[in-house]
Amino acid sequence: MRNMFTKYEELIGSRFHIYNSLFLNLPFQNILRTGTLLPLLQQECATEIERGTPANEIIEKFFRDYAPSLTAHERFDTLFSFIQYVERQVALFDSVEDAAFEQVHDLKGKGTVPALLLRTKYEDKADELKERLQNFSLRLVLTAHPTQFYPGHVLGILTDLESAIRENDLKSINLLLSQLGKTAFINQEKPTPYDEAVSLCWFLENVFYVSIPQVIQSLAEGLQLDIADWANNRLVVVGFWPGGDRDGNPFVTTEISLRVAARLRESVLRCYHRDIRLLRRRLTFRGVNKIMAEVEANLFAMVYANEKKYSNAEEILRDLKKARTLLITEHNGLFLDLLDEFMLKLHLFGFHFASLDVRQDSPQHEAVWTAIIQSLHQTGEAISVEEYEALSSAAKIDYLLNLKADLANRKTNNELADETIKSILAIRQIQQENGARAAHRYVISHCESALHVIEVFALAKLLISDGENLELDIIPLFETIDDLTHASGIMEELYSIPAYREHLRRRKEHQTIMLGFSDGTKDGGYLRANWSIFRAKESLTAVSRKHGLKALFFDGRGGPPARGGGNTHDFYASLGDTIEHQEVQITIQGQTISSNFGKPASSQYNLEQLLSSGIEGPVFHRSEDQLSVENKKLLDNLADEAYQSYLDLKNDPKFVPYLEKMTPLTFIGETNIGSRPVKRNAGEGLKFSDLRAIPFVASWAMMKQNIPGFYGVGTALQKLCRQGHESDLKKLYQQSLFFRTLLDNSMMSLTKTYYSVTAYLADDAEFGEFWKKMHSEFILSGEMVLKISGLSELMENNPSIKESVRLRERVVLPLVTIQQYALMNLRHLTKENKVHEQRYRKLVVRCMFGIINAARNSA
């Protein structure tokens, strides 16, 4: 452990401090004063917070001691200068850490392709691995959720900065730091859904286009397979939500969806054209060069002249196969590997690059059908709305499935209904232009009944089916604790509907089911949500198998443990035979995209981790992944106790007022980082049910309280220990990867928690007791996870991550203090400081960027 700490400090900590000193030499106004004063503020914060000094007193004392002559206006300017400086320190730290990625991570260790291949050879499992690779699929779905605080142009600078740091090119590092100093880190306006899509296209073009084929080539080479014979083009699939996710986002329209699909097509064609130009430099042989020149010219015309030279990727491959034959028969196969690598990309990415998912909230579909039935009734083609609403759910299902109507050419004069109809028609248009893989999934948020699925199924059948064939997977999303409990019953009813069962037969007997970790945690707390999803997957697997179907689970995970993040791959590696695992489908959001998949090296490493987690179990039949009946009963009890503890906090009358008055929650909408509104409903006042999980979790993270990532864990462990289960829990931690990952991820949340920052609230007249309740659970949770794990300190078994967290938290501590200072002044506005209200508000918002970015997976 000590050696790992020393290595991390040498590779990252020391290098960061060296490059950080370059900031002082940048030719910017007051940079020397800012860079000189900031370390003093950092030290003041560290010392005074430990003493329990409130943030407002720390900031006031700092200015009295180190800059007493500054006016009120100059003080604010200084604070904003500190914020800008720290933002760039965080960006520099990211680049230093990314540059040392290969040294910090063992690229041949556990979870990597080399380790997988080595174990396969050692245990003589090559045939089993080949079979698994033919059927398995990993789907990473990039979402538009607003947790990415780096604009695209900043990401480009950070990519170049990482390269310069790898080369220790001080001149380039200095220039790039200067560029960072002059480059805005924030958007002046909210991005549109199309802007969000363009931003994520950067990762498709610069990262996934490189890393996904590389992973497949590594597997093929290790198993001595010819890459030209690789059959499973779904081994790694990229999904895409920007432009298709309508849930709570009124700015996503049919026009936006079509523009995004066109941009995805354009992006992949640009990549192909770039590659073919490079390929032509090598394939200069008689006959081959003519074919390659023609392919390049056609791609150029498609990208830059919008001419339709090819209808699909297969037509390009047809030409390339001719070139391949000539290479083999007439030119000794020279550079054949380069051509095969390019052809692999065409197989993987087609003309779609990523698959655009559509998502909408279930109540919206109810409203759509009300408008449609009302319109049809006026022309005598349907019963009245009143008659329809009087029907039972089963009768409504039967009615919708037997309804005959031409909806494609109907105007209902209802904006939501007409737009929904157009959005489904757009799915067919996208499929026609970009291929069937381009858009074939429709996710239903807050799915609470079989009727909710049939509402979408019936609508799609009437609009885009080709006879009985419907090229669309309809995906129910179960999120709340109640939804998860009732999910298997809903699917049982759905599977028993003959028309829908026939649809699944045509979809290869597969049913994709999405489970939401974020809202589950918000609703039921960390332990209850994770264990409820595990149990739901078991019951959904059982009911699907009963009907001869295979359930494909799609996990809606965020970055932090509170939203299903953390060491995600360990969760998938820990699933036993009672949970279907033919595919791993997972959302990748905001910071997690840039931190885990922001560069080809980190992307390949994390792709390999997720692939291995889904492949190893069936290949090597690990017995340690199976939880016994007794283990599950123990976890049932643990989750129940944690749930009751979390409910006690959530139902406290002070819970929502605390969020509204004491945290930055109400300011998140002012950050201009995402197109989607912070609340589902735009009404006045804050209601818990309207809160989105991302701002909910991010608010606790910025307060350094991290409630969703640990609350209830300590109480639950303590109660079971008192019931005589201490040894059982300790044994379970050592033997079960699932339980170990559950507690280890909670340790990450606890490590990022720092209640001393808000210790002043212990004496607050309104929220003192509420703060003490949270703080007590934090202390108890830390003690109990150490007791059960046998570790001497939190994250002792993850020293690199622990040290990264420590350094990042130290860098960003001044911002945490400044934000608290601003929040405290806003809560206690007086005649004297009322004039500065807008400046305080701006301080709160501006501090968010650095705080969230520093944590990398806090939202």
# chains A, B, ... in the order shown; residues from 1 in each chain; ligands from 1

call {"tool": "residues_around", "arguments": {"residues": "segment 31-47 of chain A", "least_positions_apart": "2", "cutoff": "12 Å", "atoms": "only C-alpha atoms", "output": "mmCIF file with N, CA and C atoms, in the first residue's frame"}}
result
data_model
loop_
_atom_site.group_PDB
_atom_site.id
_atom_site.type_symbol
_atom_site.label_atom_id
_atom_site.label_comp_id
_atom_site.auth_asym_id
_atom_site.auth_seq_id
_atom_site.Cartn_x
_atom_site.Cartn_y
_atom_site.Cartn_z
ATOM 1 N N HIS A 17 2.402 19.538 -8.746
ATOM 2 C CA HIS A 17 2.929 20.713 -8.047
ATOM 3 C C HIS A 17 3.964 21.449 -8.908
ATOM 4 N N ASN A 20 1.983 23.105 -11.692
ATOM 5 C CA ASN A 20 1.116 24.111 -11.087
ATOM 6 C C ASN A 20 1.869 25.418 -10.863
ATOM 7 N N SER A 21 3.175 25.313 -10.595
ATOM 8 C CA SER A 21 3.972 26.519 -10.355
ATOM 9 C C SER A 21 4.083 27.379 -11.606
ATOM 10 N N LEU A 22 3.859 26.780 -12.784
ATOM 11 C CA LEU A 22 3.938 27.549 -14.026
ATOM 12 C C LEU A 22 2.841 28.598 -14.125
ATOM 13 N N PHE A 23 1.740 28.375 -13.418
ATOM 14 C CA PHE A 23 0.634 29.342 -13.451
ATOM 15 C C PHE A 23 1.114 30.729 -13.028
ATOM 16 N N LEU A 24 2.045 30.761 -12.083
ATOM 17 C CA LEU A 24 2.505 32.046 -11.555
ATOM 18 C C LEU A 24 3.212 32.894 -12.603
ATOM 19 N N ASN A 25 3.716 32.258 -13.648
ATOM 20 C CA ASN A 25 4.453 32.982 -14.682
ATOM 21 C C ASN A 25 3.597 33.387 -15.869
ATOM 22 N N LEU A 26 2.308 33.054 -15.818
ATOM 23 C CA LEU A 26 1.453 33.390 -16.953
ATOM 24 C C LEU A 26 1.231 34.894 -17.032
ATOM 25 N N PRO A 27 1.183 35.442 -18.224
ATOM 26 C CA PRO A 27 1.107 36.900 -18.399
ATOM 27 C C PRO A 27 -0.311 37.447 -18.261
ATOM 28 N N PHE A 28 -0.920 37.207 -17.100
ATOM 29 C CA PHE A 28 -2.287 37.678 -16.884
ATOM 30 C C PHE A 28 -2.315 38.676 -15.724
ATOM 31 N N GLN A 29 -3.315 39.524 -15.767
ATOM 32 C CA GLN A 29 -3.440 40.571 -14.748
ATOM 33 C C GLN A 29 -3.619 39.948 -13.359
ATOM 34 N N ILE A 49 -11.286 25.138 9.294
ATOM 35 C CA ILE A 49 -12.422 24.209 9.199
ATOM 36 C C ILE A 49 -12.292 23.114 10.241
ATOM 37 N N GLU A 50 -11.072 22.632 10.448
ATOM 38 C CA GLU A 50 -10.850 21.611 11.478
ATOM 39 C C GLU A 50 -11.193 22.147 12.872
ATOM 40 N N ARG A 51 -11.057 23.440 13.049
ATOM 41 C CA ARG A 51 -11.405 24.056 14.352
ATOM 42 C C ARG A 51 -12.898 24.333 14.471
ATOM 43 N N GLY A 52 -13.644 24.100 13.392
ATOM 44 C CA GLY A 52 -15.078 24.344 13.414
ATOM 45 C C GLY A 52 -15.462 25.766 13.076
ATOM 46 N N THR A 53 -14.535 26.548 12.526
ATOM 47 C CA THR A 53 -14.809 27.939 12.172
ATOM 48 C C THR A 53 -15.734 27.995 10.955
ATOM 49 N N PRO A 54 -16.821 28.767 11.022
ATOM 50 C CA PRO A 54 -17.724 28.889 9.873
ATOM 51 C C PRO A 54 -17.030 29.534 8.679
ATOM 52 N N ALA A 55 -17.508 29.224 7.483
ATOM 53 C CA ALA A 55 -16.880 29.710 6.256
ATOM 54 C C ALA A 55 -16.865 31.230 6.178
ATOM 55 N N ASN A 56 -17.932 31.887 6.630
ATOM 56 C CA ASN A 56 -17.961 33.351 6.526
ATOM 57 C C ASN A 56 -16.863 33.984 7.381
ATOM 58 N N GLU A 57 -16.610 33.392 8.547
ATOM 59 C CA GLU A 57 -15.553 33.918 9.403
ATOM 60 C C GLU A 57 -14.166 33.634 8.812
ATOM 61 N N ILE A 58 -14.016 32.479 8.142
ATOM 62 C CA ILE A 58 -12.729 32.140 7.522
ATOM 63 C C ILE A 58 -12.384 33.150 6.436
ATOM 64 N N ILE A 59 -13.364 33.450 5.580
ATOM 65 C CA ILE A 59 -13.115 34.385 4.475
ATOM 66 C C ILE A 59 -12.850 35.790 5.010
ATOM 67 N N GLU A 60 -13.646 36.221 5.982
ATOM 68 C CA GLU A 60 -13.446 37.558 6.550
ATOM 69 C C GLU A 60 -12.078 37.665 7.220
ATOM 70 N N LYS A 61 -11.695 36.641 7.970
ATOM 71 C CA LYS A 61 -10.397 36.634 8.645
ATOM 72 C C LYS A 61 -9.258 36.653 7.622
ATOM 73 N N PHE A 62 -9.434 35.903 6.539
ATOM 74 C CA PHE A 62 -8.401 35.853 5.509
ATOM 75 C C PHE A 62 -8.133 37.242 4.940
ATOM 76 N N PHE A 63 -9.182 37.972 4.613
ATOM 77 C CA PHE A 63 -8.992 39.304 4.038
ATOM 78 C C PHE A 63 -8.423 40.269 5.067
ATOM 79 N N ARG A 64 -8.816 40.143 6.320
ATOM 80 C CA ARG A 64 -8.241 41.019 7.361
ATOM 81 C C ARG A 64 -6.750 40.779 7.514
ATOM 82 N N ASP A 65 -6.350 39.507 7.452
ATOM 83 C CA ASP A 65 -4.956 39.163 7.708
ATOM 84 C C ASP A 65 -4.037 39.395 6.501
ATOM 85 N N TYR A 66 -4.545 39.141 5.289
ATOM 86 C CA TYR A 66 -3.653 39.117 4.124
ATOM 87 C C TYR A 66 -3.942 40.183 3.069
ATOM 88 N N ALA A 67 -5.131 40.765 3.117
ATOM 89 C CA ALA A 67 -5.448 41.817 2.139
ATOM 90 C C ALA A 67 -6.396 42.837 2.769
ATOM 91 N N ARG A 75 -12.651 42.646 -3.059
ATOM 92 C CA ARG A 75 -12.708 41.327 -2.412
ATOM 93 C C ARG A 75 -13.446 40.323 -3.300
ATOM 94 N N ASP A 77 -13.818 40.491 -6.513
ATOM 95 C CA ASP A 77 -12.964 40.222 -7.678
ATOM 96 C C ASP A 77 -11.885 39.194 -7.342
ATOM 97 N N THR A 78 -11.339 39.323 -6.131
ATOM 98 C CA THR A 78 -10.304 38.378 -5.704
ATOM 99 C C THR A 78 -10.864 36.971 -5.568
ATOM 100 N N LEU A 79 -12.054 36.870 -4.994
ATOM 101 C CA LEU A 79 -12.691 35.548 -4.841
ATOM 102 C C LEU A 79 -12.969 34.915 -6.202
ATOM 103 N N PHE A 80 -13.447 35.720 -7.149
ATOM 104 C CA PHE A 80 -13.694 35.177 -8.491
ATOM 105 C C PHE A 80 -12.377 34.781 -9.169
ATOM 106 N N SER A 81 -11.309 35.522 -8.885
ATOM 107 C CA SER A 81 -10.000 35.143 -9.427
ATOM 108 C C SER A 81 -9.539 33.810 -8.844
ATOM 109 N N PHE A 82 -9.772 33.612 -7.539
ATOM 110 C CA PHE A 82 -9.451 32.333 -6.914
ATOM 111 C C PHE A 82 -10.205 31.190 -7.603
ATOM 112 N N ILE A 83 -11.490 31.423 -7.865
ATOM 113 C CA ILE A 83 -12.326 30.383 -8.491
ATOM 114 C C ILE A 83 -11.757 30.003 -9.854
ATOM 115 N N GLN A 84 -11.434 31.013 -10.660
ATOM 116 C CA GLN A 84 -10.895 30.742 -11.991
ATOM 117 C C GLN A 84 -9.559 30.004 -11.904
ATOM 118 N N TYR A 85 -8.755 30.387 -10.954
ATOM 119 C CA TYR A 85 -7.434 29.765 -10.778
ATOM 120 C C TYR A 85 -7.602 28.296 -10.396
ATOM 121 N N VAL A 86 -8.480 28.017 -9.429
ATOM 122 C CA VAL A 86 -8.683 26.636 -8.969
ATOM 123 C C VAL A 86 -9.291 25.780 -10.079
ATOM 124 N N ARG A 88 -8.696 25.919 -13.132
ATOM 125 C CA ARG A 88 -7.609 25.532 -14.029
ATOM 126 C C ARG A 88 -6.628 24.593 -13.333
ATOM 127 N N GLN A 89 -6.500 24.719 -12.029
ATOM 128 C CA GLN A 89 -5.700 23.744 -11.290
ATOM 129 C C GLN A 89 -6.327 22.350 -11.397
ATOM 130 N N SER A 178 -1.418 28.793 -20.708
ATOM 131 C CA SER A 178 -1.796 30.158 -21.085
ATOM 132 C C SER A 178 -3.133 30.154 -21.820
ATOM 133 N N GLY A 181 -5.847 29.662 -19.451
ATOM 134 C CA GLY A 181 -6.091 30.886 -18.692
ATOM 135 C C GLY A 181 -6.972 31.869 -19.429
ATOM 136 N N TYR A 754 -17.126 15.543 4.220
ATOM 137 C CA TYR A 754 -16.334 16.393 5.118
ATOM 138 C C TYR A 754 -17.293 17.293 5.898
ATOM 139 N N SER A 756 -17.026 18.709 8.632
ATOM 140 C CA SER A 756 -16.440 19.859 9.332
ATOM 141 C C SER A 756 -16.729 21.163 8.603
ATOM 142 N N VAL A 757 -16.905 21.090 7.270
ATOM 143 C CA VAL A 757 -17.196 22.303 6.494
ATOM 144 C C VAL A 757 -18.486 22.956 6.955
ATOM 145 N N GLU A 809 -9.517 16.895 -3.247
ATOM 146 C CA GLU A 809 -10.272 17.606 -2.216
ATOM 147 C C GLU A 809 -9.463 18.763 -1.633
ATOM 148 N N ARG A 810 -8.154 18.586 -1.541
ATOM 149 C CA ARG A 810 -7.299 19.661 -1.020
ATOM 150 C C ARG A 810 -7.268 20.841 -1.990
ATOM 151 N N VAL A 811 -7.166 20.542 -3.297
ATOM 152 C CA VAL A 811 -7.138 21.599 -4.299
ATOM 153 C C VAL A 811 -8.418 22.415 -4.280
ATOM 154 N N VAL A 812 -9.543 21.733 -4.107
ATOM 155 C CA VAL A 812 -10.834 22.385 -4.275
ATOM 156 C C VAL A 812 -11.394 22.942 -2.961
ATOM 157 N N LEU A 813 -10.723 22.725 -1.850
ATOM 158 C CA LEU A 813 -11.236 23.182 -0.551
ATOM 159 C C LEU A 813 -11.547 24.681 -0.509
ATOM 160 N N PRO A 814 -10.716 25.557 -1.112
ATOM 161 C CA PRO A 814 -11.082 26.979 -1.119
ATOM 162 C C PRO A 814 -12.427 27.249 -1.797
ATOM 163 N N LEU A 815 -12.743 26.505 -2.862
ATOM 164 C CA LEU A 815 -14.029 26.710 -3.536
ATOM 165 C C LEU A 815 -15.187 26.269 -2.657
ATOM 166 N N VAL A 816 -15.016 25.145 -1.964
ATOM 167 C CA VAL A 816 -16.056 24.679 -1.042
ATOM 168 C C VAL A 816 -16.314 25.735 0.020
ATOM 169 N N THR A 817 -15.244 26.327 0.523
ATOM 170 C CA THR A 817 -15.360 27.356 1.561
ATOM 171 C C THR A 817 -16.012 28.620 1.007
ATOM 172 N N ILE A 818 -15.609 29.034 -0.179
ATOM 173 C CA ILE A 818 -16.193 30.241 -0.792
ATOM 174 C C ILE A 818 -17.676 30.032 -1.065
ATOM 175 N N GLN A 820 -19.734 28.026 0.554
ATOM 176 C CA GLN A 820 -20.422 28.081 1.847
ATOM 177 C C GLN A 820 -20.532 29.524 2.345
ATOM 178 N N TYR A 821 -19.490 30.286 2.144
ATOM 179 C CA TYR A 821 -19.490 31.710 2.518
ATOM 180 C C TYR A 821 -20.634 32.446 1.817
#

call {"tool": "closest_residue", "arguments": {"among": "A:Ala542, A:Leu117, A:Ile490, A:Ile173", "to": "Asp160 of chain A", "atoms": "only C-alpha atoms"}}
result
A:Ile173

call {"tool": "atom_distance", "arguments": {"atom1": "atom CA of Glu448 of chain A", "atom2": "atom CA of Asp482 of chain A"}}
result
9.1 Å

call {"tool": "atom_distance", "arguments": {"atom1": "atom CA of Leu138 of chain A", "atom2": "atom CA of Val236 of chain A"}}
result
4.8 Å

call {"tool": "select_by_dssp", "arguments": {"residues": "segment 216-358 of chain A", "states": "helix (DSSP H, G or I)", "output": "MDAnalysis selection string"}}
result
chainID A and resid 216:222 227:229 254:280 288:304 313:330 336:349

call {"tool": "closest_residue", "arguments": {"among": "A:Glu726, A:Glu660, A:Glu196, A:Asp245", "to": "Trp700 of chain A", "atoms": "only C-alpha atoms"}}
result
A:Glu660

call {"tool": "closest_residue", "arguments": {"among": "A:Leu780, A:Met774, A:Leu823, A:Val215", "to": "Asp652 of chain A", "atoms": "only C-alpha atoms"}}
result
A:Met774

call {"tool": "closest_residue", "arguments": {"among": "A:Gln604, A:Thr663, A:Ser496, A:Ser736", "to": "Leu826 of chain A", "atoms": "only C-alpha atoms"}}
result
A:Thr663

call {"tool": "closest_residue", "arguments": {"among": "A:Leu635, A:Ala693, A:Leu116, A:Val543", "to": "Ile615 of chain A", "atoms": "only C-alpha atoms"}}
result
A:Leu116

call {"tool": "atom_distance", "arguments": {"atom1": "atom CA of Ser488 of chain A", "atom2": "atom CA of Gln644 of chain A"}}
result
23.6 Å

call {"tool": "residues_around", "arguments": {"residues": "segment 514-518 of chain A", "least_positions_apart": "4", "cutoff": "8 Å", "atoms": "only C-alpha atoms", "output": "list in words"}}
result
Val443, Ile475, Pro476, Leu477, Phe478, Glu479, Thr480, Leu484, Lys522, Ala529, Asn530, Ile533, Phe553, Phe554, Asp555, Gly556, Arg557, Gly558, Ala562, Arg563, Gly564, Ala693 and Ile694 of chain A

call {"tool": "write_last_selection", "arguments": {"atoms": "N, CA and C atoms", "output": "compact mmCIF listing (two decimals), in the first residue's frame"}}
result
# COMPACT_ATOMS: atom_id res chain seq x y z
N VAL A 443 -37.57 3.91 -24.67
CA VAL A 443 -37.56 3.72 -23.21
C VAL A 443 -38.74 4.47 -22.59
N ILE A 475 -38.80 -0.57 -24.09
CA ILE A 475 -38.05 -0.82 -22.85
C ILE A 475 -38.72 -0.14 -21.66
N PRO A 476 -39.35 -0.91 -20.78
CA PRO A 476 -39.88 -0.30 -19.55
C PRO A 476 -38.75 0.07 -18.60
N LEU A 477 -38.88 1.21 -17.96
CA LEU A 477 -37.89 1.67 -16.98
C LEU A 477 -38.54 1.67 -15.60
N PHE A 478 -38.02 0.85 -14.71
CA PHE A 478 -38.50 0.78 -13.32
C PHE A 478 -37.49 1.50 -12.43
N GLU A 479 -37.98 2.47 -11.64
CA GLU A 479 -37.07 3.35 -10.92
C GLU A 479 -37.26 3.38 -9.41
N THR A 480 -38.49 3.61 -8.95
CA THR A 480 -38.72 3.74 -7.52
C THR A 480 -38.70 2.38 -6.86
N LEU A 484 -39.80 -1.22 -8.57
CA LEU A 484 -38.92 -2.38 -8.60
C LEU A 484 -39.60 -3.60 -7.98
N LYS A 522 -32.48 7.87 -4.61
CA LYS A 522 -33.18 9.05 -4.10
C LYS A 522 -34.44 8.64 -3.33
N ALA A 529 -31.81 0.62 -2.48
CA ALA A 529 -31.91 0.72 -3.94
C ALA A 529 -31.07 -0.35 -4.61
N ASN A 530 -29.82 -0.52 -4.19
CA ASN A 530 -28.95 -1.50 -4.82
C ASN A 530 -29.46 -2.93 -4.62
N ILE A 533 -32.70 -3.57 -6.67
CA ILE A 533 -32.43 -3.82 -8.08
C ILE A 533 -31.89 -5.24 -8.28
N PHE A 553 -30.80 -6.64 -19.23
CA PHE A 553 -30.93 -5.56 -18.26
C PHE A 553 -30.10 -4.34 -18.68
N PHE A 554 -30.76 -3.22 -18.65
CA PHE A 554 -30.17 -1.93 -19.01
C PHE A 554 -30.15 -1.08 -17.75
N ASP A 555 -28.96 -0.82 -17.21
CA ASP A 555 -28.83 -0.13 -15.93
C ASP A 555 -28.62 1.37 -16.14
N GLY A 556 -29.51 2.16 -15.55
CA GLY A 556 -29.36 3.61 -15.58
C GLY A 556 -28.49 4.04 -14.42
N ARG A 557 -27.20 4.12 -14.67
CA ARG A 557 -26.23 4.46 -13.62
C ARG A 557 -25.62 5.84 -13.88
N GLY A 558 -25.30 6.53 -12.79
CA GLY A 558 -24.58 7.78 -12.89
C GLY A 558 -23.13 7.58 -12.49
N ALA A 562 -23.76 6.91 -5.22
CA ALA A 562 -25.14 7.27 -4.91
C ALA A 562 -26.06 7.12 -6.11
N ARG A 563 -25.48 7.07 -7.32
CA ARG A 563 -26.30 6.90 -8.52
C ARG A 563 -25.89 5.65 -9.30
N GLY A 564 -25.39 4.64 -8.54
CA GLY A 564 -25.06 3.37 -9.18
C GLY A 564 -23.68 3.32 -9.78
N ALA A 693 -32.63 13.24 -9.94
CA ALA A 693 -31.59 12.60 -9.13
C ALA A 693 -30.25 13.32 -9.23
N ILE A 694 -29.93 13.84 -10.43
CA ILE A 694 -28.61 14.45 -10.62
C ILE A 694 -28.43 15.69 -9.73

call {"tool": "residues_around", "arguments": {"residues": "Ala426 of chain A", "least_positions_apart": "6", "cutoff": "8 Å", "atoms": "only C-alpha atoms", "output": "list in words"}}
result
Thr254, Ser257 and Leu258 of chain A

call {"tool": "closest_atom_pairs", "arguments": {"of": "segment 381-420 of chain A", "to": "segment 356-363 of chain A", "cutoff": "12 Å", "atoms": "only C-alpha atoms", "output": "Markdown table"}}
result
| residue | atom | partner | partner_atom | distance |
| --- | --- | --- | --- | --- |
| A:Leu416 | CA | A:Gln360 | CA | 11.5 |
| A:Glu419 | CA | A:Gln360 | CA | 11.9 |
| A:Thr420 | CA | A:Gln360 | CA | 9.3 |

call {"tool": "closest_residue", "arguments": {"among": "A:Arg234, A:Lys110, A:Arg808, A:His503", "to": "Asn853 of chain A", "atoms": "only C-alpha atoms"}}
result
A:Arg808

call {"tool": "select_by_dssp", "arguments": {"residues": "segment 288-535 of chain A", "states": "strand (DSSP E)", "output": "count of residues only"}}
result
24
